[in-house]
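What follows is a set of notes on a single structure, which appears directly below.
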Amino acid sequence: MVSQEQRRKQLAREKFLRQQERREAAQRRRRMRNAVIAGALAVVVAGGAVSYAAGAFDDGGSTKDDAAPEATPSKPEDPCRKAAPGKVKPMSFKKEPALTVDKSASYAMKLSTTCGDIGIDLDAAKAPRTVNSFDFLVGKGYLDHTTCHRLTAGNVNVLQCGDPKGTGEGDPGYSLPDENLKDERLRGGVYPAGTVAMANRYNAQKKQGRDTGGSQFFLVYQDSKLPPDYTPFGTVSDDGMKVLKKIAAAGESSGQGDGTPNATVVIDKATVRRS
């Protein structure tokens, strides 16, 4: 005859086995979804917010009553200092600024961030309207106190910045044309490390959304597999690459290769100078 204690232990074990089966099935589903999404990510660095961060990785197999709690990984230490005092100034402009940059001159943008200074050599000759737009926006203080809201890793390894809203939805009120898409650096469907390029809303599958750059841009910290659909307009300095590597090493919040940086990356001040 089975005692109550033995029966209780038997039921507990059966419950544990059911939980294990559910977790393993959920993990298989996650791996399958992740593989599909990772392939899609290779061709999407858009101006919008991270599209799958809020729901595409849910378990879908356990319930509150019988799911065993899973260990939460510890968050890496933030390698960056506190942001300088100040707030983002909401700005919107009705049209693209008049072209005033000298295509034959050299321009450089400096992002003084909480993680260190990132210097960028701008290519006014090949992307004049993009460089002109940043010269205009930076002069207005548009990037000051904004966060770099997105970090990706895997096929695409970039830090995305330039959104005053910090959500991936911000823009200056006007759109820029695509430029320099035949740059020789973009051979083989790769944006090499150090490239600075524009985010946009281009949908390669539907072939819709050309000429939709705004203020958001991404800095490539490691060679990234991307089609030549995003205006390359600058190159990160050697010292700036060290800062980018530090930010990337801290990882991102989702643990899935696309999310908010664990490092608190705030652009305290942005400047553009002509040399």
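Quick note on naming: the chains in the structure tokens go A, B, ... in the order shown, residues restart at 1 in each chain, and ligands are numbered from 1 in order of appearance.
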
So which residues touch A:Lys126 within 10 Å, counting only C-alpha atoms, skipping near sequence neighbours fewer than 4 positions away, as a VMD selection string?
chain A and resid 103 to 104 122 130 to 131 179 to 183 231 to 234

Go ahead and write the selection's residues with N, CA and C atoms as a short mmCIF file (atom, residue, chain, number, x, y, z; two decimals), in the first residue's frame.
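Generated file (result_3.cif):
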```
data_model
loop_
_atom_site.label_atom_id
_atom_site.label_comp_id
_atom_site.auth_asym_id
_atom_site.auth_seq_id
_atom_site.Cartn_x
_atom_site.Cartn_y
_atom_site.Cartn_z
N LYS A 103 31.69 70.49 -50.81
CA LYS A 103 31.96 69.09 -51.16
C LYS A 103 33.45 68.78 -51.26
N SER A 104 34.26 69.79 -51.44
CA SER A 104 35.70 69.56 -51.56
C SER A 104 36.44 69.66 -50.22
N LEU A 122 33.65 62.64 -41.83
CA LEU A 122 32.47 62.70 -42.70
C LEU A 122 32.88 62.83 -44.16
N THR A 130 23.61 64.27 -46.85
CA THR A 130 23.60 63.65 -45.52
C THR A 130 24.51 64.40 -44.56
N VAL A 131 25.73 64.69 -45.02
CA VAL A 131 26.68 65.43 -44.19
C VAL A 131 26.14 66.82 -43.90
N GLU A 179 22.29 58.10 -50.61
CA GLU A 179 23.50 58.54 -51.29
C GLU A 179 24.59 57.49 -51.14
N ASN A 180 25.52 57.48 -52.09
CA ASN A 180 26.76 56.71 -51.97
C ASN A 180 26.52 55.21 -51.81
N LEU A 181 25.45 54.68 -52.37
CA LEU A 181 25.15 53.25 -52.20
C LEU A 181 26.06 52.35 -53.03
N LYS A 182 26.84 52.95 -53.94
CA LYS A 182 27.78 52.16 -54.75
C LYS A 182 29.21 52.32 -54.24
N ASP A 183 29.35 52.75 -53.01
CA ASP A 183 30.67 52.90 -52.42
C ASP A 183 31.42 51.58 -52.49
N THR A 231 22.89 54.60 -46.65
CA THR A 231 23.89 55.59 -47.02
C THR A 231 25.11 55.57 -46.10
N PRO A 232 26.29 55.19 -46.62
CA PRO A 232 27.51 55.32 -45.82
C PRO A 232 28.03 56.76 -45.95
N PHE A 233 28.24 57.42 -44.84
CA PHE A 233 28.63 58.83 -44.92
C PHE A 233 29.79 59.19 -44.02
N GLY A 234 30.39 58.21 -43.35
CA GLY A 234 31.51 58.53 -42.47
C GLY A 234 32.26 57.30 -42.01
#
```

Per-residue DSSP, stretch 115-245 of chain A, filtered to strand (DSSP E), as an mmCIF file with all heavy atoms, in the first residue's frame:
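Saved as part-v2.cif:
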```cif
data_model
loop_
_atom_site.group_PDB
_atom_site.id
_atom_site.type_symbol
_atom_site.label_atom_id
_atom_site.label_comp_id
_atom_site.auth_asym_id
_atom_site.auth_seq_id
_atom_site.Cartn_x
_atom_site.Cartn_y
_atom_site.Cartn_z
ATOM 1 N N GLY A 116 32.806 57.771 -23.724
ATOM 2 C CA GLY A 116 34.033 58.237 -24.344
ATOM 3 C C GLY A 116 33.731 58.974 -25.636
ATOM 4 O O GLY A 116 32.611 58.951 -26.147
ATOM 5 N N ASP A 117 34.740 59.631 -26.174
ATOM 6 C CA ASP A 117 34.560 60.404 -27.406
ATOM 7 C C ASP A 117 34.650 59.501 -28.631
ATOM 8 O O ASP A 117 35.555 58.667 -28.741
ATOM 9 C CB ASP A 117 35.617 61.504 -27.517
ATOM 10 C CG ASP A 117 35.427 62.598 -26.476
ATOM 11 O OD1 ASP A 117 34.344 62.642 -25.850
ATOM 12 O OD2 ASP A 117 36.362 63.394 -26.277
ATOM 13 N N ILE A 118 33.708 59.697 -29.560
ATOM 14 C CA ILE A 118 33.705 58.956 -30.823
ATOM 15 C C ILE A 118 33.874 59.966 -31.952
ATOM 16 O O ILE A 118 32.981 60.772 -32.226
ATOM 17 C CB ILE A 118 32.401 58.163 -31.016
ATOM 18 C CG1 ILE A 118 32.205 57.168 -29.863
ATOM 19 C CG2 ILE A 118 32.407 57.433 -32.356
ATOM 20 C CD1 ILE A 118 30.868 56.426 -29.912
ATOM 21 N N GLY A 119 35.026 59.926 -32.585
ATOM 22 C CA GLY A 119 35.289 60.809 -33.715
ATOM 23 C C GLY A 119 34.875 60.153 -35.020
ATOM 24 O O GLY A 119 35.084 58.955 -35.214
ATOM 25 N N ILE A 120 34.277 60.939 -35.924
ATOM 26 C CA ILE A 120 33.803 60.411 -37.201
ATOM 27 C C ILE A 120 34.259 61.348 -38.321
ATOM 28 O O ILE A 120 33.935 62.545 -38.319
ATOM 29 C CB ILE A 120 32.261 60.300 -37.232
ATOM 30 C CG1 ILE A 120 31.768 59.385 -36.107
ATOM 31 C CG2 ILE A 120 31.781 59.796 -38.589
ATOM 32 C CD1 ILE A 120 30.245 59.432 -35.911
ATOM 33 N N ASP A 121 35.001 60.814 -39.284
ATOM 34 C CA ASP A 121 35.359 61.579 -40.476
ATOM 35 C C ASP A 121 34.198 61.496 -41.456
ATOM 36 O O ASP A 121 33.804 60.400 -41.869
ATOM 37 C CB ASP A 121 36.634 61.005 -41.111
ATOM 38 C CG ASP A 121 37.856 61.211 -40.233
ATOM 39 O OD1 ASP A 121 37.932 62.263 -39.564
ATOM 40 O OD2 ASP A 121 38.724 60.319 -40.213
ATOM 41 N N LEU A 122 33.648 62.643 -41.835
ATOM 42 C CA LEU A 122 32.473 62.698 -42.697
ATOM 43 C C LEU A 122 32.883 62.830 -44.162
ATOM 44 O O LEU A 122 33.864 63.506 -44.483
ATOM 45 C CB LEU A 122 31.587 63.876 -42.295
ATOM 46 C CG LEU A 122 31.101 63.877 -40.844
ATOM 47 C CD1 LEU A 122 30.327 65.159 -40.541
ATOM 48 C CD2 LEU A 122 30.230 62.653 -40.565
ATOM 49 N N THR A 146 20.876 62.989 -26.326
ATOM 50 C CA THR A 146 20.128 61.841 -26.860
ATOM 51 C C THR A 146 20.854 60.543 -26.533
ATOM 52 O O THR A 146 22.071 60.517 -26.330
ATOM 53 C CB THR A 146 19.940 61.940 -28.384
ATOM 54 O OG1 THR A 146 21.235 61.951 -29.031
ATOM 55 C CG2 THR A 146 19.184 63.203 -28.754
ATOM 56 N N THR A 147 20.112 59.450 -26.480
ATOM 57 C CA THR A 147 20.693 58.138 -26.194
ATOM 58 C C THR A 147 20.922 57.368 -27.494
ATOM 59 O O THR A 147 20.221 57.576 -28.487
ATOM 60 C CB THR A 147 19.770 57.306 -25.292
ATOM 61 O OG1 THR A 147 18.510 57.097 -25.966
ATOM 62 C CG2 THR A 147 19.521 57.996 -23.979
ATOM 63 N N ARG A 150 19.980 51.433 -29.547
ATOM 64 C CA ARG A 150 19.922 50.063 -30.074
ATOM 65 C C ARG A 150 21.321 49.507 -30.302
ATOM 66 O O ARG A 150 22.197 50.177 -30.849
ATOM 67 C CB ARG A 150 19.153 50.071 -31.390
ATOM 68 C CG ARG A 150 18.917 48.695 -31.999
ATOM 69 C CD ARG A 150 18.176 48.828 -33.316
ATOM 70 N NE ARG A 150 17.756 47.534 -33.836
ATOM 71 C CZ ARG A 150 17.241 47.342 -35.054
ATOM 72 N NH1 ARG A 150 17.077 48.380 -35.863
ATOM 73 N NH2 ARG A 150 16.877 46.148 -35.454
ATOM 74 N N LEU A 151 21.517 48.257 -29.883
ATOM 75 C CA LEU A 151 22.761 47.542 -30.137
ATOM 76 C C LEU A 151 22.407 46.169 -30.696
ATOM 77 O O LEU A 151 21.548 45.475 -30.160
ATOM 78 C CB LEU A 151 23.564 47.377 -28.842
ATOM 79 C CG LEU A 151 24.936 46.706 -28.991
ATOM 80 C CD1 LEU A 151 25.930 47.675 -29.621
ATOM 81 C CD2 LEU A 151 25.460 46.234 -27.635
ATOM 82 N N THR A 152 23.046 45.804 -31.804
ATOM 83 C CA THR A 152 22.810 44.488 -32.391
ATOM 84 C C THR A 152 24.114 43.708 -32.444
ATOM 85 O O THR A 152 25.202 44.278 -32.468
ATOM 86 C CB THR A 152 22.229 44.582 -33.815
ATOM 87 O OG1 THR A 152 23.235 45.113 -34.704
ATOM 88 C CG2 THR A 152 21.003 45.478 -33.849
ATOM 89 N N VAL A 158 26.043 46.583 -34.866
ATOM 90 C CA VAL A 158 25.993 48.037 -34.933
ATOM 91 C C VAL A 158 25.440 48.646 -33.649
ATOM 92 O O VAL A 158 24.707 48.005 -32.902
ATOM 93 C CB VAL A 158 25.115 48.515 -36.124
ATOM 94 C CG1 VAL A 158 25.558 47.882 -37.430
ATOM 95 C CG2 VAL A 158 23.631 48.246 -35.885
ATOM 96 N N LEU A 159 25.813 49.901 -33.440
ATOM 97 C CA LEU A 159 25.212 50.746 -32.408
ATOM 98 C C LEU A 159 24.410 51.805 -33.138
ATOM 99 O O LEU A 159 24.941 52.497 -34.012
ATOM 100 C CB LEU A 159 26.291 51.397 -31.547
ATOM 101 C CG LEU A 159 25.802 52.412 -30.500
ATOM 102 C CD1 LEU A 159 25.032 51.709 -29.389
ATOM 103 C CD2 LEU A 159 26.987 53.197 -29.920
ATOM 104 N N GLN A 160 23.133 51.941 -32.812
ATOM 105 C CA GLN A 160 22.264 52.892 -33.510
ATOM 106 C C GLN A 160 21.947 54.087 -32.616
ATOM 107 O O GLN A 160 21.597 53.926 -31.445
ATOM 108 C CB GLN A 160 20.969 52.205 -33.957
ATOM 109 C CG GLN A 160 20.125 53.061 -34.896
ATOM 110 C CD GLN A 160 19.060 52.239 -35.615
ATOM 111 O OE1 GLN A 160 19.268 51.051 -35.884
ATOM 112 N NE2 GLN A 160 17.936 52.848 -35.936
ATOM 113 N N CYS A 161 22.072 55.272 -33.189
ATOM 114 C CA CYS A 161 21.911 56.525 -32.450
ATOM 115 C C CYS A 161 21.098 57.511 -33.297
ATOM 116 O O CYS A 161 20.643 57.189 -34.388
ATOM 117 C CB CYS A 161 23.275 57.149 -32.124
ATOM 118 S SG CYS A 161 24.520 56.043 -31.432
ATOM 119 N N VAL A 190 28.714 43.552 -47.389
ATOM 120 C CA VAL A 190 29.259 43.755 -46.055
ATOM 121 C C VAL A 190 29.535 45.237 -45.821
ATOM 122 O O VAL A 190 30.132 45.901 -46.661
ATOM 123 C CB VAL A 190 30.574 42.960 -45.863
ATOM 124 C CG1 VAL A 190 31.243 43.329 -44.543
ATOM 125 C CG2 VAL A 190 30.300 41.457 -45.901
ATOM 126 N N TYR A 191 29.067 45.727 -44.669
ATOM 127 C CA TYR A 191 29.454 47.056 -44.194
ATOM 128 C C TYR A 191 30.620 46.836 -43.238
ATOM 129 O O TYR A 191 30.445 46.254 -42.165
ATOM 130 C CB TYR A 191 28.292 47.741 -43.475
ATOM 131 C CG TYR A 191 27.295 48.404 -44.401
ATOM 132 C CD1 TYR A 191 26.563 47.659 -45.330
ATOM 133 C CD2 TYR A 191 27.077 49.784 -44.357
ATOM 134 C CE1 TYR A 191 25.646 48.265 -46.189
ATOM 135 C CE2 TYR A 191 26.160 50.401 -45.205
ATOM 136 C CZ TYR A 191 25.457 49.633 -46.120
ATOM 137 O OH TYR A 191 24.551 50.239 -46.964
ATOM 138 N N THR A 195 32.409 51.747 -40.381
ATOM 139 C CA THR A 195 31.486 52.481 -41.247
ATOM 140 C C THR A 195 30.391 53.150 -40.424
ATOM 141 O O THR A 195 29.871 52.578 -39.469
ATOM 142 C CB THR A 195 30.823 51.534 -42.272
ATOM 143 O OG1 THR A 195 31.837 50.859 -43.009
ATOM 144 C CG2 THR A 195 29.914 52.286 -43.227
ATOM 145 N N VAL A 196 30.030 54.376 -40.820
ATOM 146 C CA VAL A 196 28.881 55.075 -40.237
ATOM 147 C C VAL A 196 27.874 55.267 -41.360
ATOM 148 O O VAL A 196 28.214 55.798 -42.419
ATOM 149 C CB VAL A 196 29.279 56.436 -39.635
ATOM 150 C CG1 VAL A 196 28.074 57.101 -38.988
ATOM 151 C CG2 VAL A 196 30.403 56.267 -38.626
ATOM 152 N N ALA A 197 26.648 54.812 -41.161
ATOM 153 C CA ALA A 197 25.656 54.844 -42.223
ATOM 154 C C ALA A 197 24.291 55.230 -41.676
ATOM 155 O O ALA A 197 24.037 55.157 -40.470
ATOM 156 C CB ALA A 197 25.579 53.483 -42.922
ATOM 157 N N MET A 198 23.417 55.617 -42.586
ATOM 158 C CA MET A 198 22.075 56.054 -42.216
ATOM 159 C C MET A 198 21.124 54.873 -42.040
ATOM 160 O O MET A 198 21.106 53.940 -42.848
ATOM 161 C CB MET A 198 21.496 56.976 -43.294
ATOM 162 C CG MET A 198 22.191 58.309 -43.404
ATOM 163 S SD MET A 198 22.087 59.281 -41.891
ATOM 164 C CE MET A 198 20.333 59.691 -41.866
ATOM 165 N N PHE A 217 21.269 57.012 -37.288
ATOM 166 C CA PHE A 217 22.425 56.454 -37.984
ATOM 167 C C PHE A 217 22.996 55.315 -37.160
ATOM 168 O O PHE A 217 22.677 55.170 -35.974
ATOM 169 C CB PHE A 217 23.492 57.537 -38.210
ATOM 170 C CG PHE A 217 24.001 58.178 -36.950
ATOM 171 C CD1 PHE A 217 25.185 57.761 -36.352
ATOM 172 C CD2 PHE A 217 23.294 59.221 -36.344
ATOM 173 C CE1 PHE A 217 25.653 58.359 -35.184
ATOM 174 C CE2 PHE A 217 23.758 59.824 -35.178
ATOM 175 C CZ PHE A 217 24.939 59.394 -34.600
ATOM 176 N N PHE A 218 23.813 54.483 -37.795
ATOM 177 C CA PHE A 218 24.426 53.386 -37.051
ATOM 178 C C PHE A 218 25.927 53.352 -37.288
ATOM 179 O O PHE A 218 26.432 53.707 -38.353
ATOM 180 C CB PHE A 218 23.769 52.044 -37.375
ATOM 181 C CG PHE A 218 23.801 51.607 -38.827
ATOM 182 C CD1 PHE A 218 24.859 50.862 -39.322
ATOM 183 C CD2 PHE A 218 22.745 51.913 -39.677
ATOM 184 C CE1 PHE A 218 24.886 50.431 -40.638
ATOM 185 C CE2 PHE A 218 22.751 51.485 -41.008
ATOM 186 C CZ PHE A 218 23.826 50.738 -41.485
ATOM 187 N N LEU A 219 26.628 52.924 -36.237
ATOM 188 C CA LEU A 219 28.078 52.808 -36.254
ATOM 189 C C LEU A 219 28.431 51.331 -36.204
ATOM 190 O O LEU A 219 28.023 50.624 -35.274
ATOM 191 C CB LEU A 219 28.692 53.551 -35.064
ATOM 192 C CG LEU A 219 28.325 55.036 -34.935
ATOM 193 C CD1 LEU A 219 27.183 55.202 -33.920
ATOM 194 C CD2 LEU A 219 29.506 55.872 -34.488
ATOM 195 N N VAL A 220 29.164 50.861 -37.197
ATOM 196 C CA VAL A 220 29.487 49.444 -37.316
ATOM 197 C C VAL A 220 30.747 49.144 -36.509
ATOM 198 O O VAL A 220 31.824 49.643 -36.822
ATOM 199 C CB VAL A 220 29.691 49.051 -38.788
ATOM 200 C CG1 VAL A 220 29.956 47.553 -38.914
ATOM 201 C CG2 VAL A 220 28.473 49.450 -39.625
ATOM 202 N N SER A 224 29.601 43.702 -40.844
ATOM 203 C CA SER A 224 28.191 43.344 -40.763
ATOM 204 C C SER A 224 27.626 43.013 -42.140
ATOM 205 O O SER A 224 27.877 43.738 -43.107
ATOM 206 C CB SER A 224 27.381 44.497 -40.146
ATOM 207 O OG SER A 224 27.790 44.738 -38.816
ATOM 208 N N LYS A 225 26.880 41.918 -42.200
ATOM 209 C CA LYS A 225 26.285 41.487 -43.461
ATOM 210 C C LYS A 225 24.998 42.273 -43.715
ATOM 211 O O LYS A 225 23.964 42.007 -43.106
ATOM 212 C CB LYS A 225 26.002 39.988 -43.420
ATOM 213 C CG LYS A 225 27.258 39.136 -43.320
ATOM 214 C CD LYS A 225 26.922 37.649 -43.265
ATOM 215 C CE LYS A 225 28.174 36.803 -43.153
ATOM 216 N NZ LYS A 225 27.860 35.348 -43.082
ATOM 217 N N PRO A 232 26.290 55.188 -46.619
ATOM 218 C CA PRO A 232 27.507 55.320 -45.822
ATOM 219 C C PRO A 232 28.027 56.756 -45.954
ATOM 220 O O PRO A 232 28.215 57.246 -47.064
ATOM 221 C CB PRO A 232 28.465 54.313 -46.471
ATOM 222 C CG PRO A 232 28.016 54.221 -47.893
ATOM 223 C CD PRO A 232 26.536 54.517 -47.907
ATOM 224 N N PHE A 233 28.240 57.419 -44.835
ATOM 225 C CA PHE A 233 28.632 58.830 -44.925
ATOM 226 C C PHE A 233 29.792 59.192 -44.023
ATOM 227 O O PHE A 233 30.173 60.368 -43.939
ATOM 228 C CB PHE A 233 27.434 59.740 -44.619
ATOM 229 C CG PHE A 233 26.948 59.688 -43.189
ATOM 230 C CD1 PHE A 233 27.389 60.600 -42.243
ATOM 231 C CD2 PHE A 233 26.039 58.716 -42.788
ATOM 232 C CE1 PHE A 233 26.935 60.557 -40.931
ATOM 233 C CE2 PHE A 233 25.586 58.662 -41.481
ATOM 234 C CZ PHE A 233 26.030 59.580 -40.551
ATOM 235 N N GLY A 234 30.395 58.209 -43.351
ATOM 236 C CA GLY A 234 31.507 58.526 -42.472
ATOM 237 C C GLY A 234 32.265 57.301 -42.010
ATOM 238 O O GLY A 234 31.848 56.159 -42.255
ATOM 239 N N THR A 235 33.388 57.560 -41.352
ATOM 240 C CA THR A 235 34.242 56.493 -40.827
ATOM 241 C C THR A 235 34.662 56.837 -39.407
ATOM 242 O O THR A 235 35.093 57.962 -39.128
ATOM 243 C CB THR A 235 35.500 56.319 -41.701
ATOM 244 O OG1 THR A 235 35.102 56.080 -43.058
ATOM 245 C CG2 THR A 235 36.336 55.148 -41.209
ATOM 246 N N VAL A 236 34.537 55.873 -38.502
ATOM 247 C CA VAL A 236 34.893 56.080 -37.092
ATOM 248 C C VAL A 236 36.414 56.102 -36.938
ATOM 249 O O VAL A 236 37.129 55.303 -37.553
ATOM 250 C CB VAL A 236 34.295 54.969 -36.215
ATOM 251 C CG1 VAL A 236 34.671 55.167 -34.745
ATOM 252 C CG2 VAL A 236 32.773 54.928 -36.365
#
```

Report as a Markdown table: every residue of stretch 193-273 of chain A with an atom at most 9 Å from stretch 134-138 of chain A, its closest pair of atoms, and their distance in Å to one decimal, counting only C-alpha atoms, with rows sorted by chain and ascending residue number.
```
| residue | atom | partner | partner_atom | distance |
| --- | --- | --- | --- | --- |
| A:Ser215 | CA | A:Phe134 | CA | 7.6 |
| A:Lys269 | CA | A:Val138 | CA | 8.8 |
| A:Ala270 | CA | A:Val138 | CA | 6.1 |
| A:Thr271 | CA | A:Val138 | CA | 6.0 |
| A:Val272 | CA | A:Asp135 | CA | 5.9 |
| A:Arg273 | CA | A:Asp135 | CA | 8.2 |
```

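You can rank A:Arg129, A:Lys165, A:Lys242, A:Lys110 by their closest distance to A:Lys87 using only C-alpha atoms, and at the top of that list sits A:Lys165.
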
Using DSSP on the backbone coordinates, identify all residues within stretch 106-172 of chain A classified as alpha helix (DSSP H); present the result as a VMD selection string.
chain A and resid 128 to 139

Spatial neighbours of A:Ile247, max dist 12 Å, only C-alpha atoms, sep filter under 3 positions, as a PyMOL selection string
chain A and resi 76-81+113-118+148-153+157-160+219-221+240-244+250-252+260-266

Residues of the last selection are to be written out with C-alpha atoms, as a CSV table (one decimal), in the first residue's frame.
```
chain,number,residue,atom,x,y,z
A,76,PRO,CA,27.0,43.3,-16.9
A,77,GLU,CA,28.5,46.3,-15.1
A,78,ASP,CA,27.8,49.6,-17.0
A,79,PRO,CA,31.2,50.8,-18.3
A,80,CYS,CA,30.0,54.3,-18.8
A,81,ARG,CA,29.7,57.4,-16.6
A,113,THR,CA,29.4,60.4,-25.0
A,114,THR,CA,29.2,59.0,-21.5
A,115,CYS,CA,31.3,56.1,-22.7
A,116,GLY,CA,34.0,58.2,-24.3
A,117,ASP,CA,34.6,60.4,-27.4
A,118,ILE,CA,33.7,59.0,-30.8
A,148,CYS,CA,22.0,55.5,-28.5
A,149,HIS,CA,19.0,53.3,-28.2
A,150,ARG,CA,19.9,50.1,-30.1
A,151,LEU,CA,22.8,47.5,-30.1
A,152,THR,CA,22.8,44.5,-32.4
A,153,ALA,CA,25.2,41.5,-32.5
A,157,ASN,CA,27.0,44.4,-35.4
A,158,VAL,CA,26.0,48.0,-34.9
A,159,LEU,CA,25.2,50.7,-32.4
A,160,GLN,CA,22.3,52.9,-33.5
A,219,LEU,CA,28.1,52.8,-36.3
A,220,VAL,CA,29.5,49.4,-37.3
A,221,TYR,CA,31.8,48.0,-34.6
A,240,GLY,CA,36.3,55.9,-31.5
A,241,MET,CA,36.4,52.3,-32.4
A,242,LYS,CA,37.9,51.5,-28.9
A,243,VAL,CA,34.8,53.2,-27.4
A,244,LEU,CA,32.5,51.3,-29.7
A,250,ALA,CA,28.7,45.1,-22.4
A,251,GLY,CA,26.1,43.5,-24.6
A,252,GLU,CA,22.4,44.3,-25.0
A,260,THR,CA,18.9,48.4,-25.7
A,261,PRO,CA,22.7,48.6,-24.9
A,262,ASN,CA,23.6,47.5,-21.4
A,263,ALA,CA,26.0,50.4,-21.5
A,264,THR,CA,24.3,53.8,-20.9
A,265,VAL,CA,25.3,55.5,-24.1
A,266,VAL,CA,24.3,59.2,-24.0
```

Of the candidates A:Ser112, A:Thr167, A:Gln222, A:Asn132, which shows the shortest atom-to-atom distance to A:Pro97, using only C-alpha atoms?
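Looking only at the distances to A:Pro97, the closest residue turns out to be A:Asn132.
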
Counting only C-alpha atoms, figure out which residue out of A:Arg187, A:Lys89, A:Arg23, A:Lys140 gets nearest to A:Pro164.
A:Lys89

What does the distance between atom CA of A:Lys95 and atom CA of A:Asp144 come to in Å, to one decimal place?
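Computing it gives 20.8 Å between the two atoms.
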